[in-house]
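Pasting upload_36.cif here (mmCIF, C-alpha atoms):
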data_upload
loop_
_atom_site.group_PDB
_atom_site.id
_atom_site.type_symbol
_atom_site.label_atom_id
_atom_site.label_comp_id
_atom_site.auth_asym_id
_atom_site.auth_seq_id
_atom_site.Cartn_x
_atom_site.Cartn_y
_atom_site.Cartn_z
ATOM 1 C CA MET E 1 -0.675 33.644 15.766
ATOM 2 C CA VAL E 2 0.956 31.833 12.833
ATOM 3 C CA ARG E 3 -1.604 30.120 10.652
ATOM 4 C CA PRO E 4 -0.907 26.344 10.636
ATOM 5 C CA LYS E 5 -0.066 24.503 7.434
ATOM 6 C CA ASN E 6 -3.181 23.112 5.787
ATOM 7 C CA HIS E 7 -2.961 19.330 6.198
ATOM 8 C CA ASN E 8 -5.171 16.909 4.311
ATOM 9 C CA ASP E 9 -7.060 14.392 6.490
ATOM 10 C CA ALA E 10 -7.525 11.976 3.579
ATOM 11 C CA ASN E 11 -8.707 8.963 5.607
ATOM 12 C CA GLY E 12 -10.154 10.845 8.569
ATOM 13 C CA TYR E 13 -7.380 9.881 11.006
ATOM 14 C CA TYR E 14 -7.331 13.263 12.784
ATOM 15 C CA GLU E 15 -11.116 13.416 12.857
ATOM 16 C CA LEU E 16 -11.326 9.956 14.459
ATOM 17 C CA PHE E 17 -8.760 10.994 17.096
ATOM 18 C CA GLY E 18 -10.608 14.270 17.675
ATOM 19 C CA VAL E 19 -7.523 16.434 17.090
ATOM 20 C CA ASN E 20 -6.542 19.102 14.586
ATOM 21 C CA PRO E 21 -4.250 18.106 11.690
ATOM 22 C CA TRP E 22 -1.554 20.314 13.225
ATOM 23 C CA ALA E 23 -1.804 18.654 16.666
ATOM 24 C CA ASP E 24 1.508 17.926 18.365
ATOM 25 C CA LYS E 25 2.586 14.462 19.524
ATOM 26 C CA GLU E 26 1.442 15.031 23.112
ATOM 27 C CA GLN E 27 -2.098 15.875 21.932
ATOM 28 C CA ILE E 28 -2.120 12.763 19.735
ATOM 29 C CA LYS E 29 -0.910 10.584 22.637
ATOM 30 C CA GLU E 30 -3.619 11.985 24.894
ATOM 31 C CA ALA E 31 -6.315 11.330 22.276
ATOM 32 C CA TYR E 32 -4.965 7.807 21.707
ATOM 33 C CA ARG E 33 -5.032 6.981 25.437
ATOM 34 C CA ARG E 34 -8.615 8.239 25.665
ATOM 35 C CA LEU E 35 -9.708 6.101 22.707
ATOM 36 C CA VAL E 36 -7.996 2.854 23.744
ATOM 37 C CA ARG E 37 -9.419 3.118 27.255
ATOM 38 C CA ASP E 38 -12.766 2.127 25.702
ATOM 39 C CA SER E 39 -11.649 0.038 22.731
ATOM 40 C CA HIS E 40 -9.110 -2.212 24.484
ATOM 41 C CA PRO E 41 -10.241 -5.889 24.365
ATOM 42 C CA ASP E 42 -9.255 -6.367 28.038
ATOM 43 C CA VAL E 43 -12.058 -4.004 29.084
ATOM 44 C CA GLY E 44 -14.616 -5.479 26.675
ATOM 45 C CA GLY E 45 -13.783 -3.189 23.764
ATOM 46 C CA ASP E 46 -13.892 -3.968 20.046
ATOM 47 C CA PRO E 47 -10.609 -5.671 18.932
ATOM 48 C CA ASP E 48 -10.944 -4.327 15.360
ATOM 49 C CA LEU E 49 -11.417 -0.774 16.618
ATOM 50 C CA PHE E 50 -8.479 -1.213 19.010
ATOM 51 C CA ARG E 51 -6.271 -2.398 16.116
ATOM 52 C CA LEU E 52 -7.430 0.589 14.021
ATOM 53 C CA HIS E 53 -6.534 3.027 16.822
ATOM 54 C CA ASN E 54 -3.088 1.426 17.155
ATOM 55 C CA GLN E 55 -2.363 1.568 13.422
ATOM 56 C CA ILE E 56 -3.444 5.195 13.138
ATOM 57 C CA PHE E 57 -1.386 6.073 16.224
ATOM 58 C CA LYS E 58 1.719 4.547 14.616
ATOM 59 C CA VAL E 59 1.229 6.660 11.476
ATOM 60 C CA LEU E 60 0.624 9.911 13.366
ATOM 61 C CA MET E 61 3.597 9.388 15.711
ATOM 62 C CA ASP E 62 6.079 8.559 12.923
ATOM 63 C CA ASP E 63 7.324 11.815 11.355
ATOM 64 C CA LEU E 64 7.901 10.319 7.897
ATOM 65 C CA GLU E 65 4.623 8.380 7.738
ATOM 66 C CA ARG E 66 2.697 11.390 9.036
ATOM 67 C CA ALA E 67 4.288 13.616 6.378
ATOM 68 C CA ILE E 68 3.266 11.115 3.684
ATOM 69 C CA TYR E 69 -0.271 10.963 5.127
ATOM 70 C CA ASP E 70 -0.513 14.766 5.341
ATOM 71 C CA SER E 71 0.615 15.142 1.720
ATOM 72 C CA THR E 72 -2.032 12.776 0.306
ATOM 73 C CA PRO E 73 -3.471 14.691 -2.683
ATOM 74 C CA GLU E 74 -6.835 16.381 -2.084
ATOM 75 C CA ASP E 75 -8.331 14.842 -5.233
ATOM 76 C CA GLY E 76 -10.170 11.985 -3.551
ATOM 77 C CA SER E 77 -6.976 9.947 -3.095
ATOM 78 C CA ILE E 78 -6.597 7.810 0.000
ATOM 79 C CA TYR E 79 -3.481 7.146 2.019
ATOM 80 C CA LEU E 80 -2.643 3.448 1.816
ATOM 81 C CA GLY E 81 -1.439 2.601 5.311
ATOM 82 C CA GLY E 82 -1.612 -0.565 7.381
ATOM 83 C CA VAL E 83 -5.361 -0.211 7.989
ATOM 84 C CA GLU E 84 -6.204 0.135 4.316
ATOM 85 C CA VAL E 85 -3.795 -2.573 3.160
ATOM 86 C CA GLU E 86 -5.229 -4.988 5.720
ATOM 87 C CA ASN E 87 -8.737 -4.296 4.412
ATOM 88 C CA VAL E 88 -7.638 -4.892 0.813
ATOM 89 C CA LEU E 89 -5.843 -8.130 1.717
ATOM 90 C CA ARG E 90 -8.925 -9.428 3.564
ATOM 91 C CA THR E 91 -10.883 -9.341 0.293
ATOM 92 C CA MET E 92 -8.227 -11.246 -1.656
ATOM 93 C CA PRO E 93 -7.524 -14.949 -1.935
ATOM 94 C CA LYS E 94 -4.405 -15.939 -0.002
ATOM 95 C CA VAL E 95 -1.381 -16.170 -2.274
ATOM 96 C CA GLU E 96 1.180 -18.727 -1.151
ATOM 97 C CA TRP E 97 4.868 -18.487 -2.002
ATOM 98 C CA GLU E 98 4.738 -21.796 -3.896
ATOM 99 C CA THR E 99 2.201 -20.226 -6.290
ATOM 100 C CA PHE E 100 5.000 -18.123 -7.756
ATOM 101 C CA LEU E 101 7.191 -21.123 -8.477
ATOM 102 C CA ASP E 102 4.795 -23.865 -9.586
ATOM 103 C CA SER E 103 3.528 -23.333 -13.142
ATOM 104 C CA LYS E 104 0.592 -25.730 -12.620
ATOM 105 C CA LYS E 105 -0.623 -23.679 -9.666
ATOM 106 C CA ILE E 106 -0.112 -20.501 -11.690
ATOM 107 C CA LYS E 107 -2.627 -21.779 -14.244
ATOM 108 C CA LYS E 108 -5.143 -22.776 -11.569
ATOM 109 C CA THR E 109 -5.067 -19.460 -9.673
ATOM 110 C CA GLY E 110 -5.256 -17.126 -12.641
ATOM 111 C CA GLY E 111 -1.634 -16.694 -11.968
ATOM 112 C CA TYR E 112 1.336 -14.650 -11.076
ATOM 113 C CA SER E 113 4.454 -15.157 -13.146
ATOM 114 C CA TYR E 114 8.031 -14.299 -12.332
ATOM 115 C CA PHE E 115 10.889 -13.715 -14.737
ATOM 116 C CA GLY E 116 14.452 -13.333 -13.500
ATOM 117 C CA TYR E 117 17.335 -15.092 -11.884
ATOM 118 C CA LYS E 118 16.705 -17.485 -9.026
ATOM 119 C CA LYS E 119 18.716 -15.258 -6.673
ATOM 120 C CA ASN E 120 16.000 -12.586 -7.038
ATOM 121 C CA SER E 121 13.093 -14.848 -6.098
ATOM 122 C CA ARG E 122 12.800 -13.519 -2.500
ATOM 123 C CA LEU E 123 12.778 -9.933 -3.736
ATOM 124 C CA ALA E 124 10.159 -10.892 -6.331
ATOM 125 C CA GLN E 125 8.002 -12.396 -3.583
ATOM 126 C CA LYS E 126 8.107 -9.078 -1.709
ATOM 127 C CA TRP E 127 7.189 -7.183 -4.872
ATOM 128 C CA TYR E 128 4.237 -9.488 -5.586
ATOM 129 C CA SER E 129 2.939 -9.033 -2.042
ATOM 130 C CA VAL E 130 2.628 -5.277 -2.678
ATOM 131 C CA LEU E 131 1.838 -5.278 -6.408
ATOM 132 C CA ILE E 132 -1.124 -7.667 -6.295
ATOM 133 C CA PRO E 133 -3.130 -5.484 -3.849
ATOM 134 C CA VAL E 134 -2.165 -2.376 -5.854
ATOM 135 C CA TYR E 135 -3.448 -3.953 -9.078
ATOM 136 C CA GLN E 136 -6.653 -4.936 -7.256
ATOM 137 C CA VAL E 137 -7.227 -1.479 -5.731
ATOM 138 C CA ILE E 138 -6.634 0.239 -9.084
ATOM 139 C CA GLY E 139 -8.881 -2.310 -10.809
ATOM 140 C CA MET E 140 -6.352 -3.613 -13.317
ATOM 141 C CA PRO E 141 -7.479 -6.922 -14.810
ATOM 142 C CA GLY E 142 -5.258 -9.823 -15.734
ATOM 143 C CA THR E 143 -2.046 -11.372 -14.536
ATOM 144 C CA VAL E 144 0.713 -9.526 -12.696
ATOM 145 C CA ARG E 145 3.917 -10.286 -14.637
ATOM 146 C CA LEU E 146 7.133 -9.019 -13.093
ATOM 147 C CA SER E 147 10.772 -8.866 -14.114
ATOM 148 C CA LEU E 148 13.503 -7.469 -11.847
ATOM 149 C CA GLU E 149 16.357 -6.104 -13.946
ATOM 150 C CA GLU E 150 19.223 -3.641 -14.060
ATOM 151 C CA VAL E 151 17.304 -0.873 -15.811
ATOM 152 C CA GLU E 152 17.209 2.875 -15.117
ATOM 153 C CA ARG E 153 13.470 3.228 -14.518
ATOM 154 C CA PRO E 154 10.330 1.076 -14.308
ATOM 155 C CA GLU E 155 8.675 0.256 -17.625
ATOM 156 C CA TRP E 156 6.072 -1.980 -19.210
ATOM 157 C CA ARG E 157 7.147 -4.292 -22.021
ATOM 158 C CA LYS E 158 4.400 -5.403 -24.355
ATOM 159 C CA TYR E 159 4.376 -8.755 -26.063
ATOM 160 C CA PRO E 160 1.673 -9.900 -28.518
ATOM 161 C CA LYS E 161 -1.094 -11.943 -26.836
ATOM 162 C CA GLN E 162 0.453 -11.596 -23.353
ATOM 163 C CA GLU E 163 -0.115 -9.410 -20.320
ATOM 164 C CA PRO E 164 2.317 -6.463 -20.105
ATOM 165 C CA LEU E 165 5.548 -7.347 -18.309
ATOM 166 C CA LEU E 166 6.279 -4.897 -15.485
ATOM 167 C CA VAL E 167 10.040 -4.293 -15.382
ATOM 168 C CA ILE E 168 11.362 -2.842 -12.111
ATOM 169 C CA PRO E 169 14.952 -1.820 -11.358
ATOM 170 C CA ILE E 170 16.521 -4.403 -9.082
ATOM 171 C CA GLU E 171 17.764 -1.829 -6.541
ATOM 172 C CA ILE E 172 14.304 -0.399 -5.682
ATOM 173 C CA GLU E 173 12.938 -1.645 -2.355
ATOM 174 C CA PRO E 174 9.353 -2.952 -2.544
ATOM 175 C CA ASN E 175 6.636 -1.152 -0.559
ATOM 176 C CA TYR E 176 3.022 -0.117 -1.205
ATOM 177 C CA PHE E 177 3.805 3.565 -1.732
ATOM 178 C CA THR E 178 6.447 2.808 -4.386
ATOM 179 C CA ALA E 179 4.243 0.163 -6.048
ATOM 180 C CA PHE E 180 1.341 2.639 -6.352
ATOM 181 C CA PHE E 181 3.667 5.337 -7.665
ATOM 182 C CA ILE E 182 5.171 3.030 -10.302
ATOM 183 C CA VAL E 183 1.870 1.621 -11.550
ATOM 184 C CA LEU E 184 0.050 4.977 -11.603
ATOM 185 C CA THR E 185 2.991 6.706 -13.328
ATOM 186 C CA LEU E 186 3.122 4.015 -16.030
ATOM 187 C CA LEU E 187 -0.654 4.186 -16.495
ATOM 188 C CA ALA E 188 -0.518 7.988 -16.787
ATOM 189 C CA SER E 189 2.304 7.807 -19.345
ATOM 190 C CA GLU E 190 0.386 5.238 -21.392
ATOM 191 C CA TYR E 191 -3.124 6.686 -21.251
ATOM 192 C CA GLY E 192 -2.452 10.334 -20.441
ATOM 193 C CA SER E 193 -3.136 12.041 -17.123
ATOM 194 C CA ASP E 194 -6.936 12.180 -17.575
#
Before anything else, please render the file you have as structure tokens.
Amino acid sequence: MVRPKNHNDANGYYELFGVNPWADKEQIKEAYRRLVRDSHPDVGGDPDLFRLHNQIFKVLMDDLERAIYDSTPEDGSIYLGGVEVENVLRTMPKVEWETFLDSKKIKKTGGYSYFGYKKNSRLAQKWYSVLIPVYQVIGMPGTVRLSLEEVERPEWRKYPKQEPLLVIPIEIEPNYFTAFFIVLTLLASEYGSD
């Protein structure tokens, strides 16, 4: 028998489903059906648990997402999927789109500032929606300042008496995975890998 690849069950998804990390899609489907039989709200189940089962099922059935989950480093890192993002967002104050545009509201909320051309404002909104939770999870204090520009790679620009300005290449699509990678890479380059 060929020994299966050693997968990391960073968030306990496989354990919760009661399958091995190398389980095939049919085994995952079977486990999912068994779980939702009890957790489905229509049969008196827990809606939060039902939502959790659905989100995990989506990750494990999507080849790309599952590969990302399986490759989560075994150093205590967690995979930041829909379940985890939802939990982070629940603990945060709601950030409205107008907050990014109204300087008076920026001052009241502790603020999020945006630098760039007006045509990039929608893209900036998407970046803020992923960067703010990333900053919170990592524990970075202060304001998230963002500039979308035609640069080769992400960088921080430092100005005296201001928060660092995070500069992101305009062509990069915003998502949580990329936001974590950018912020952690810049932190590592600034403070070393320790």
Counting only C-alpha atoms, which residues sit no farther than 12 Å from the position (15.2, -0.9, -4.6) in the file's frame? I'd like them as a PDB file with C-alpha atoms, keeping the file's coordinate frame.
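Saved the output as result35.pdb:
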ATOM      1  CA  ASN E 120      16.000 -12.586  -7.038  1.00  0.00           C
ATOM      2  CA  LEU E 123      12.778  -9.933  -3.736  1.00  0.00           C
ATOM      3  CA  ALA E 124      10.159 -10.892  -6.331  1.00  0.00           C
ATOM      4  CA  LYS E 126       8.107  -9.078  -1.709  1.00  0.00           C
ATOM      5  CA  TRP E 127       7.189  -7.183  -4.872  1.00  0.00           C
ATOM      6  CA  LEU E 148      13.503  -7.469 -11.847  1.00  0.00           C
ATOM      7  CA  GLU E 149      16.357  -6.104 -13.946  1.00  0.00           C
ATOM      8  CA  GLU E 150      19.223  -3.641 -14.060  1.00  0.00           C
ATOM      9  CA  VAL E 151      17.304  -0.873 -15.811  1.00  0.00           C
ATOM     10  CA  GLU E 152      17.209   2.875 -15.117  1.00  0.00           C
ATOM     11  CA  ARG E 153      13.470   3.228 -14.518  1.00  0.00           C
ATOM     12  CA  PRO E 154      10.330   1.076 -14.308  1.00  0.00           C
ATOM     13  CA  ILE E 168      11.362  -2.842 -12.111  1.00  0.00           C
ATOM     14  CA  PRO E 169      14.952  -1.820 -11.358  1.00  0.00           C
ATOM     15  CA  ILE E 170      16.521  -4.403  -9.082  1.00  0.00           C
ATOM     16  CA  GLU E 171      17.764  -1.829  -6.541  1.00  0.00           C
ATOM     17  CA  ILE E 172      14.304  -0.399  -5.682  1.00  0.00           C
ATOM     18  CA  GLU E 173      12.938  -1.645  -2.355  1.00  0.00           C
ATOM     19  CA  PRO E 174       9.353  -2.952  -2.544  1.00  0.00           C
ATOM     20  CA  ASN E 175       6.636  -1.152  -0.559  1.00  0.00           C
ATOM     21  CA  THR E 178       6.447   2.808  -4.386  1.00  0.00           C
ATOM     22  CA  ALA E 179       4.243   0.163  -6.048  1.00  0.00           C
TER      23      ALA E 179
END
**OP:** Would you work out the distance separating atom CA of E:Ile78 from atom CA of E:Pro41, expressed in Å to one decimal?
**Re:** 28.2 Å
**OP:** Between atom CA of E:Leu146 and atom CA of E:Arg122, measure the distance and give it in Å to one decimal.
**Re:** 12.8 Å
Original post:
In terms of the shortest atom-to-atom distance over only C-alpha atoms, which of E:Gln55, E:Gln162, E:Ser71, E:Ser129 is closest to E:Tyr176?
Top reply: E:Ser129
Subject >> Nearest residue to E:Pro21 from the set E:Arg66, E:His53, E:Arg37, E:Lys58 (distances using all atoms listed in the file) >> reply: E:Arg66
Quick one: residues within 9 Å of E:Val59, only C-alpha atoms counted, chain neighbours fewer than 4 positions away excluded, as a short mmCIF file (atom, residue, chain, number, x, y, z; two decimals) with C-alpha atoms, in the frame of the given file?
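The file below, part.cif, is the result:
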data_model
loop_
_atom_site.label_atom_id
_atom_site.label_comp_id
_atom_site.auth_asym_id
_atom_site.auth_seq_id
_atom_site.Cartn_x
_atom_site.Cartn_y
_atom_site.Cartn_z
CA ASN E 54 -3.09 1.43 17.16
CA GLN E 55 -2.36 1.57 13.42
CA ASP E 63 7.32 11.82 11.36
CA LEU E 64 7.90 10.32 7.90
CA GLU E 65 4.62 8.38 7.74
CA ARG E 66 2.70 11.39 9.04
CA TYR E 69 -0.27 10.96 5.13
CA GLY E 81 -1.44 2.60 5.31
CA GLY E 82 -1.61 -0.56 7.38
#
**OP:** Tell me, in Å to one decimal, how far atom CA of E:Asn8 is from atom CA of E:Ile132.
**Re:** 27.1 Å
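Residue nearest E:Leu186, chosen from E:Glu163, E:Pro73, E:Gln136, E:Glu155 and counting all atoms listed in the file: E:Glu155.
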Box dimensions and centre (Å, one decimal) enclosing stretch 172-188 of chain E, axis-aligned, 5 Å extra per side, as AutoDock Vina command-line options:
--center_x 6.8 --center_y 2.5 --center_z -8.7 --size_x 25.0 --size_y 20.9 --size_z 26.2
